[in-house]
file work-v5.txt (compact mmCIF, C-alpha atoms)
# COMPACT_ATOMS: atom_id res chain seq x y z
CA MET A 115 94.89 93.23 110.31
CA SER A 116 95.51 91.78 106.86
CA GLU A 117 92.19 93.29 105.76
CA LEU A 118 93.86 96.70 105.36
CA PRO A 119 95.77 97.65 102.20
CA VAL A 120 99.39 96.66 102.74
CA ALA A 121 100.89 98.88 100.06
CA PHE A 122 99.95 101.86 97.95
CA SER A 123 101.02 103.39 94.65
CA VAL A 124 101.37 107.17 94.93
CA VAL A 125 101.89 109.69 92.12
CA LEU A 126 103.15 113.10 93.26
CA HIS A 127 102.41 116.13 91.05
CA HIS A 128 104.31 119.42 91.58
CA LEU A 129 105.85 117.80 94.68
CA SER A 130 109.26 116.51 95.74
CA PRO A 131 109.44 112.77 96.56
CA ASP A 132 109.01 113.48 100.29
CA ALA A 133 106.16 116.00 99.70
CA ARG A 134 108.05 118.63 101.67
CA ARG A 135 108.60 120.94 98.69
CA ALA A 136 106.27 122.13 95.91
CA GLY A 137 107.13 123.66 92.56
CA ILE A 138 105.82 123.85 89.02
CA GLU A 139 109.25 122.75 87.77
CA LEU A 140 109.09 119.42 89.61
CA ALA A 141 108.40 116.40 87.40
CA GLU A 142 105.76 113.90 88.44
CA VAL A 143 107.11 111.16 90.68
CA GLN A 144 105.63 107.67 91.08
CA LEU A 145 106.23 105.84 94.36
CA THR A 146 105.44 102.14 94.67
CA ASP A 147 105.09 99.81 97.66
CA VAL A 148 104.29 102.74 99.94
CA SER A 149 103.28 101.46 103.38
CA LEU A 150 100.51 102.94 105.49
CA TRP A 151 102.90 104.76 107.82
CA GLN A 152 104.85 106.12 104.84
CA LEU A 153 101.59 107.40 103.36
CA ARG A 154 100.78 109.05 106.70
CA ALA A 155 104.15 110.82 106.62
CA LEU A 156 103.52 112.06 103.06
CA LEU A 157 100.09 113.37 104.07
CA ASN A 158 101.58 115.09 107.13
CA ALA A 159 104.21 116.79 104.97
CA LEU A 160 101.62 117.92 102.41
CA THR A 161 99.36 119.32 105.13
CA GLU A 162 102.24 121.36 106.60
CA LEU A 163 103.18 122.59 103.11
CA ALA A 164 99.65 123.55 101.99
CA PRO A 165 99.44 127.10 103.49
CA LYS A 166 102.70 128.04 101.71
CA VAL A 167 101.58 126.99 98.22
CA ALA A 168 100.66 129.68 95.69
CA TYR A 169 99.22 129.47 92.16
CA PRO A 170 100.21 128.27 89.55
CA VAL A 171 101.68 125.46 91.68
CA THR A 172 98.98 122.79 92.14
CA PRO A 173 100.34 119.96 94.30
CA GLU A 174 98.44 116.71 94.39
CA MET A 175 98.82 113.08 95.42
CA ARG A 176 97.07 110.36 93.41
CA ILE A 177 96.82 107.27 95.59
CA THR A 178 95.93 103.78 94.34
CA SER A 179 95.46 100.55 96.28
CA GLU A 180 93.63 97.35 95.36
CA GLY A 181 91.84 99.07 92.48
CA ARG A 182 90.62 101.96 94.65
CA GLN A 183 91.75 105.48 93.72
CA PHE A 184 92.01 108.63 95.81
CA LEU A 185 93.05 112.20 95.08
CA VAL A 186 94.55 114.61 97.62
CA GLN A 187 95.02 118.18 96.34
CA VAL A 188 96.09 121.55 97.69
CA ARG A 189 93.59 124.28 96.87
CA ASP A 190 93.58 127.79 98.35
CA GLY A 191 96.10 126.78 100.98
CA ARG A 192 94.02 123.82 102.14
CA VAL A 193 94.18 120.08 101.63
CA ARG A 194 91.20 118.63 99.77
CA PHE A 195 90.36 114.94 99.45
CA SER A 196 88.23 113.23 96.82
CA SER A 197 87.70 109.67 95.71
CA TRP A 198 85.99 107.96 92.83
CA SER A 199 86.13 104.72 94.87
CA VAL A 200 84.19 105.65 98.02
CA ARG A 201 82.38 108.77 96.71
CA SER A 202 83.67 110.76 99.66
CA GLY A 203 85.50 114.02 99.81
CA GLY A 204 85.84 117.46 101.28
CA GLY A 205 88.27 120.01 102.57
CA ASP A 206 90.06 120.69 105.85
CA LEU A 207 90.53 116.99 106.58
CA THR A 208 93.42 115.92 108.79
CA PRO A 209 95.88 113.24 107.64
CA ALA A 210 94.25 110.86 110.14
CA GLN A 211 90.79 111.51 108.68
CA ILE A 212 92.06 111.00 105.13
CA LEU A 213 93.69 107.71 106.15
CA ALA A 214 90.44 106.61 107.81
CA LEU A 215 88.58 107.16 104.52
CA ILE A 216 91.27 105.38 102.50
CA ALA A 217 91.36 102.44 104.92
CA GLY A 218 87.57 102.17 104.81
CA THR A 219 86.88 102.58 108.52
CA ASP A 220 83.80 104.65 107.69
CA GLU A 221 82.18 101.63 106.07
CA ALA A 222 80.85 100.20 109.34
CA ALA A 223 78.58 103.20 109.93
CA ALA A 224 77.20 102.91 106.41
CA ALA A 225 76.67 99.13 106.50
CA PRO A 226 73.10 97.97 105.76
CA ALA A 227 71.07 96.48 108.58
CA GLY A 228 71.33 93.03 107.05
CA ALA A 229 75.12 92.97 106.96
CA THR A 230 76.60 89.77 108.30
CA ALA A 231 78.33 89.54 111.64
CA GLY A 232 81.48 88.36 109.88
CA ALA A 233 81.66 91.54 107.82
CA GLY A 234 81.12 93.62 110.97
CA ASP A 235 83.92 91.79 112.75
CA LYS A 236 86.30 92.50 109.88
CA ARG A 237 85.45 96.19 109.92
CA ARG A 238 85.93 96.35 113.68
CA ARG A 239 89.36 94.72 113.35
CA ARG A 240 90.29 97.23 110.67
CA ARG A 241 89.12 100.11 112.86
CA ILE A 242 91.11 98.90 115.90
CA TRP A 243 94.22 98.46 113.75
CA LEU A 244 93.92 101.93 112.25
CA ILE A 245 93.35 103.61 115.63
CA ALA A 246 96.48 101.93 116.94
CA PHE A 247 98.36 103.03 113.85
CA ILE A 248 97.24 106.65 114.11
CA ALA A 249 98.20 106.76 117.78
CA GLY A 250 101.76 105.94 116.80
CA GLY A 251 101.72 107.84 113.51
CA VAL A 252 104.08 110.54 114.70
CA LEU A 253 106.96 108.14 114.06
CA GLY A 254 106.17 108.15 110.36
CA SER A 255 107.96 111.38 109.46
CA ASN A 256 111.33 110.15 110.65
CA GLY A 257 110.76 106.81 108.96
CA LEU A 258 109.90 108.47 105.66
CA THR A 259 113.16 110.43 105.69
CA ALA A 260 115.18 107.25 106.09
CA TRP A 261 113.11 105.51 103.40
CA MET A 262 113.65 108.36 100.91
CA LEU A 263 117.40 108.42 101.57
CA THR A 264 117.87 104.69 101.02
CA ARG A 265 115.46 103.91 98.15
CA PRO A 266 116.61 104.39 94.54
CA ALA A 267 115.34 107.43 92.64
CA PRO A 268 112.10 106.57 90.79
CA ASP A 269 112.32 106.21 87.02
CA LEU A 270 109.02 106.39 85.20
CA LEU A 271 110.43 105.83 81.73
CA PRO A 272 111.16 102.50 80.05
CA VAL A 273 113.94 102.16 77.50
CA HIS A 274 112.82 104.07 74.43
CA ARG A 275 113.90 105.95 71.30
CA LEU A 276 112.46 109.00 69.59
CA LEU A 277 110.98 108.50 66.12
CA GLU A 278 112.22 110.22 62.99
CA PRO A 279 110.08 113.15 61.76
CA ASP A 280 108.07 111.27 59.11
CA PRO A 281 107.02 108.24 61.21
CA ALA A 282 106.53 110.56 64.19
CA GLN A 283 104.04 112.69 62.26
CA ARG A 284 102.21 109.59 61.01
CA LEU A 285 101.86 108.32 64.57
CA LEU A 286 100.52 111.63 65.85
CA GLU A 287 98.01 111.94 63.01
CA ARG A 288 96.83 108.36 63.55
CA ALA A 289 96.51 108.70 67.33
CA ALA A 290 95.05 112.22 67.46
CA GLY A 291 91.62 112.34 69.10
CA VAL A 292 89.72 112.37 72.38
CA TYR A 293 90.02 109.44 74.80
CA GLU A 294 88.28 108.75 78.12
CA THR A 295 88.54 106.19 80.92
CA GLY A 296 84.77 106.38 81.38
CA GLN A 297 81.93 108.84 81.72
CA THR A 298 81.28 109.04 85.45
CA ASP A 299 82.49 111.20 88.33
CA GLY A 300 86.26 110.71 88.74
CA ASP A 301 87.00 109.47 85.23
CA ARG A 302 89.71 111.10 83.12
CA ARG A 303 89.93 112.41 79.56
CA LEU A 304 92.88 112.86 77.19
CA ASN A 305 92.67 115.18 74.20
CA LEU A 306 95.61 114.42 71.87
CA ARG A 307 96.25 116.92 69.06
CA ARG A 308 98.14 116.33 65.85
CA ASP A 309 100.99 118.58 67.00
CA GLY A 310 101.58 116.34 70.03
CA THR A 311 99.88 118.61 72.58
CA VAL A 312 97.93 116.64 75.19
CA GLN A 313 95.23 118.04 77.45
CA TRP A 314 94.46 115.87 80.49
CA PHE A 315 91.17 116.40 82.34
CA LEU A 316 89.75 115.06 85.60
CA LEU A 317 85.96 114.80 85.26
CA GLY A 318 83.38 115.48 87.94
CA GLU A 319 79.63 114.99 88.05
CA GLY A 320 77.96 115.39 84.69
CA LYS A 321 81.40 115.14 83.03
CA MET A 322 82.26 118.66 84.20
CA VAL A 323 86.01 119.36 84.11
CA VAL A 324 87.38 119.81 87.65
CA GLU A 325 91.10 119.61 86.86
CA GLU A 326 93.13 120.28 83.72
CA THR A 327 96.78 119.81 82.74
CA THR A 328 98.43 120.50 79.38
CA LEU A 329 101.47 118.50 78.26
CA SER A 330 103.70 118.55 75.20
CA THR A 331 104.69 115.17 73.77
CA VAL A 332 106.97 113.72 71.12
CA ALA A 333 106.52 110.45 69.26
CA ALA A 334 108.65 107.56 70.46
CA GLU A 335 108.96 103.80 70.55
CA ALA A 336 109.25 101.75 73.74
CA GLY A 337 109.55 97.97 73.79
CA GLY A 338 108.77 97.85 70.10
CA GLN A 339 105.47 99.67 70.63
CA PRO A 340 104.51 103.27 69.70
CA ALA A 341 104.37 105.74 72.55
CA LEU A 342 104.35 109.44 73.37
CA LEU A 343 107.06 110.89 75.59
CA ALA A 344 105.60 113.77 77.62
CA GLY A 345 107.49 116.84 78.76
CA ASN A 346 106.98 115.86 82.42
CA ARG A 347 109.05 112.69 81.86
CA THR A 348 106.12 110.29 81.65
CA MET A 349 105.06 107.94 78.86
CA ILE A 350 101.71 107.52 77.13
CA GLU A 351 101.42 104.09 75.50
CA VAL A 352 99.64 103.87 72.15
CA ARG A 353 98.21 100.36 72.33
CA ASN A 354 96.20 100.65 69.11
CA ALA A 355 94.18 103.18 67.10
CA ALA A 356 91.52 103.32 69.81
CA THR A 357 93.43 102.82 73.08
CA LEU A 358 95.96 104.83 75.10
CA VAL A 359 97.44 103.88 78.49
CA TYR A 360 98.65 106.58 80.89
CA PHE A 361 99.75 105.95 84.49
CA GLY A 362 98.20 102.48 84.24
CA ASP A 363 94.77 103.83 83.24
CA THR A 364 93.24 102.73 79.94
CA TYR A 365 91.73 105.48 77.79
CA ARG A 366 89.30 104.55 74.97
CA ARG A 367 88.77 106.72 71.91
CA VAL A 368 85.54 108.74 71.99
CA PRO A 369 83.71 108.78 68.66
CA PRO A 370 83.57 112.29 67.11
call {"tool": "encode", "arguments": {"input": "work-v5.txt", "output": "structure tokens"}}
result
Amino acid sequence: MSELPVAFSVVLHHLSPDARRAGIELAEVQLTDVSLWQLRALLNALTELAPKVAYPVTPEMRITSEGRQFLVQVRDGRVRFSSWSVRSGGGDLTPAQILALIAGTDEAAAAPAGATAGAGDKRRRRRIWLIAFIAGGVLGSNGLTAWMLTRPAPDLLPVHRLLEPDPAQRLLERAAGVYETGQTDGDRRLNLRRDGTVQWFLLGEGKMVVEETTLSTVAAEAGGQPALLAGNRTMIEVRNAATLVYFGDTYRRVPP
């Protein structure tokens, strides 16, 4: 049972903290220490909400656990799942099916013939645990409501101050450029302009852009380090002339 992820980090985009409401005016929310049943309740809420969502609202959940990353989006009234960890994805998946992919219960079917019995036993234990969880998953929605009412409101921003115009302009000119987390399917790109405008891209196969978001930023300082405060109440850290950090992901400067 301990083989399964015990907690998740979830970033909600264009969604309320309980995923029951969508809106372009909603700031991104980061939830930490999200349990499996809480994640099930969030997925249930998003699935119920999906048919009511209309452009330009683009709700999504970015889920991270143990270095594995997953993306759940609403497109054309449907829930779509993709992952740059398990290379799986598709549309019209139920919350239970999405959880099965996240928990890795599909791994047993894909295991090579030479896999050890110990690995097979672990996967079987994980599968049994998940089936039992899904059978009782209906309790999750009520639990999520209580959790949201009692937990403190998330705050994504550290203590910071805005820079004066001259040092702010110097920071933007020094940091301006294109940055990427990598060059494979599922990596991300940041294009920072000298006026503080940031374009964020999710990359697909062949570095094709599959998702795009534009943010406005202002130069700031947090913990004695330069940073960019984005209009959606998030912070981009400027580690050095070649490195940015956003939502825990490290972006490296791409040579022109």
call {"tool": "closest_residue", "arguments": {"input": "work-v5.txt", "among": "A:Leu276, A:Leu304, A:Ala290, A:Leu156", "to": "Leu329 of chain A", "atoms": "all atoms listed in the file"}}
result
A:Leu304
call {"tool": "atom_distance", "arguments": {"input": "work-v5.txt", "atom1": "atom CA of Glu351 of chain A", "atom2": "atom CA of Gly137 of chain A"}}
result
26.6 Å
call {"tool": "closest_residue", "arguments": {"input": "work-v5.txt", "among": "A:Gln211, A:Gln187, A:Gln297, A:Ser123", "to": "Val171 of chain A", "atoms": "all atoms listed in the file"}}
result
A:Gln187
call {"tool": "residues_around", "arguments": {"input": "work-v5.txt", "residues": "Arg135 of chain A", "least_positions_apart": "3", "cutoff": "10 Å", "atoms": "all atoms listed in the file", "output": "PDB file with C-alpha atoms, in the coordinates of the input"}}
result
ATOM      1  CA  HIS A 128     104.310 119.420  91.580  1.00  0.00           C
ATOM      2  CA  LEU A 129     105.850 117.800  94.680  1.00  0.00           C
ATOM      3  CA  SER A 130     109.260 116.510  95.740  1.00  0.00           C
ATOM      4  CA  PRO A 131     109.440 112.770  96.560  1.00  0.00           C
ATOM      5  CA  ASP A 132     109.010 113.480 100.290  1.00  0.00           C
ATOM      6  CA  LEU A 140     109.090 119.420  89.610  1.00  0.00           C
ATOM      7  CA  ALA A 159     104.210 116.790 104.970  1.00  0.00           C
ATOM      8  CA  LEU A 160     101.620 117.920 102.410  1.00  0.00           C
ATOM      9  CA  LEU A 163     103.180 122.590 103.110  1.00  0.00           C
ATOM     10  CA  ALA A 164      99.650 123.550 101.990  1.00  0.00           C
ATOM     11  CA  LYS A 166     102.700 128.040 101.710  1.00  0.00           C
ATOM     12  CA  VAL A 167     101.580 126.990  98.220  1.00  0.00           C
ATOM     13  CA  PRO A 173     100.340 119.960  94.300  1.00  0.00           C
TER      14      PRO A 173
END
call {"tool": "atom_distance", "arguments": {"input": "work-v5.txt", "atom1": "atom CA of Ser179 of chain A", "atom2": "atom CA of Glu326 of chain A"}}
result
23.5 Å
call {"tool": "residues_near_point", "arguments": {"input": "work-v5.txt", "point": "(108.4, 115.8, 76.6)", "cutoff": "9 Å", "atoms": "all atoms listed in the file", "output": "short mmCIF file (atom, residue, chain, number, x, y, z; two decimals) with C-alpha atoms, in the frame of the given file"}}
result
data_model
loop_
_atom_site.label_atom_id
_atom_site.label_comp_id
_atom_site.auth_asym_id
_atom_site.auth_seq_id
_atom_site.Cartn_x
_atom_site.Cartn_y
_atom_site.Cartn_z
CA LEU A 329 101.47 118.50 78.26
CA SER A 330 103.70 118.55 75.20
CA THR A 331 104.69 115.17 73.77
CA VAL A 332 106.97 113.72 71.12
CA LEU A 342 104.35 109.44 73.37
CA LEU A 343 107.06 110.89 75.59
CA ALA A 344 105.60 113.77 77.62
CA GLY A 345 107.49 116.84 78.76
CA ASN A 346 106.98 115.86 82.42
CA ARG A 347 109.05 112.69 81.86
CA THR A 348 106.12 110.29 81.65
CA MET A 349 105.06 107.94 78.86
#
call {"tool": "atom_distance", "arguments": {"input": "work-v5.txt", "atom1": "atom CA of Asp299 of chain A", "atom2": "atom CA of Glu162 of chain A"}}
result
28.8 Å
call {"tool": "closest_residue", "arguments": {"input": "work-v5.txt", "among": "A:Tyr169, A:Tyr293, A:Phe195, A:Phe184", "to": "Thr364 of chain A", "atoms": "only C-alpha atoms"}}
result
A:Tyr293
call {"tool": "closest_residue", "arguments": {"input": "work-v5.txt", "among": "A:Ala214, A:Leu207, A:Glu325, A:Phe361", "to": "Leu145 of chain A", "atoms": "all atoms listed in the file"}}
result
A:Phe361
call {"tool": "closest_residue", "arguments": {"input": "work-v5.txt", "among": "A:Ile138, A:Pro170, A:Thr298, A:Val292", "to": "Gln313 of chain A", "atoms": "only C-alpha atoms"}}
result
A:Val292
call {"tool": "closest_residue", "arguments": {"input": "work-v5.txt", "among": "A:Met322, A:Pro281, A:Ala355, A:Arg367", "to": "Ala334 of chain A", "atoms": "all atoms listed in the file"}}
result
A:Pro281
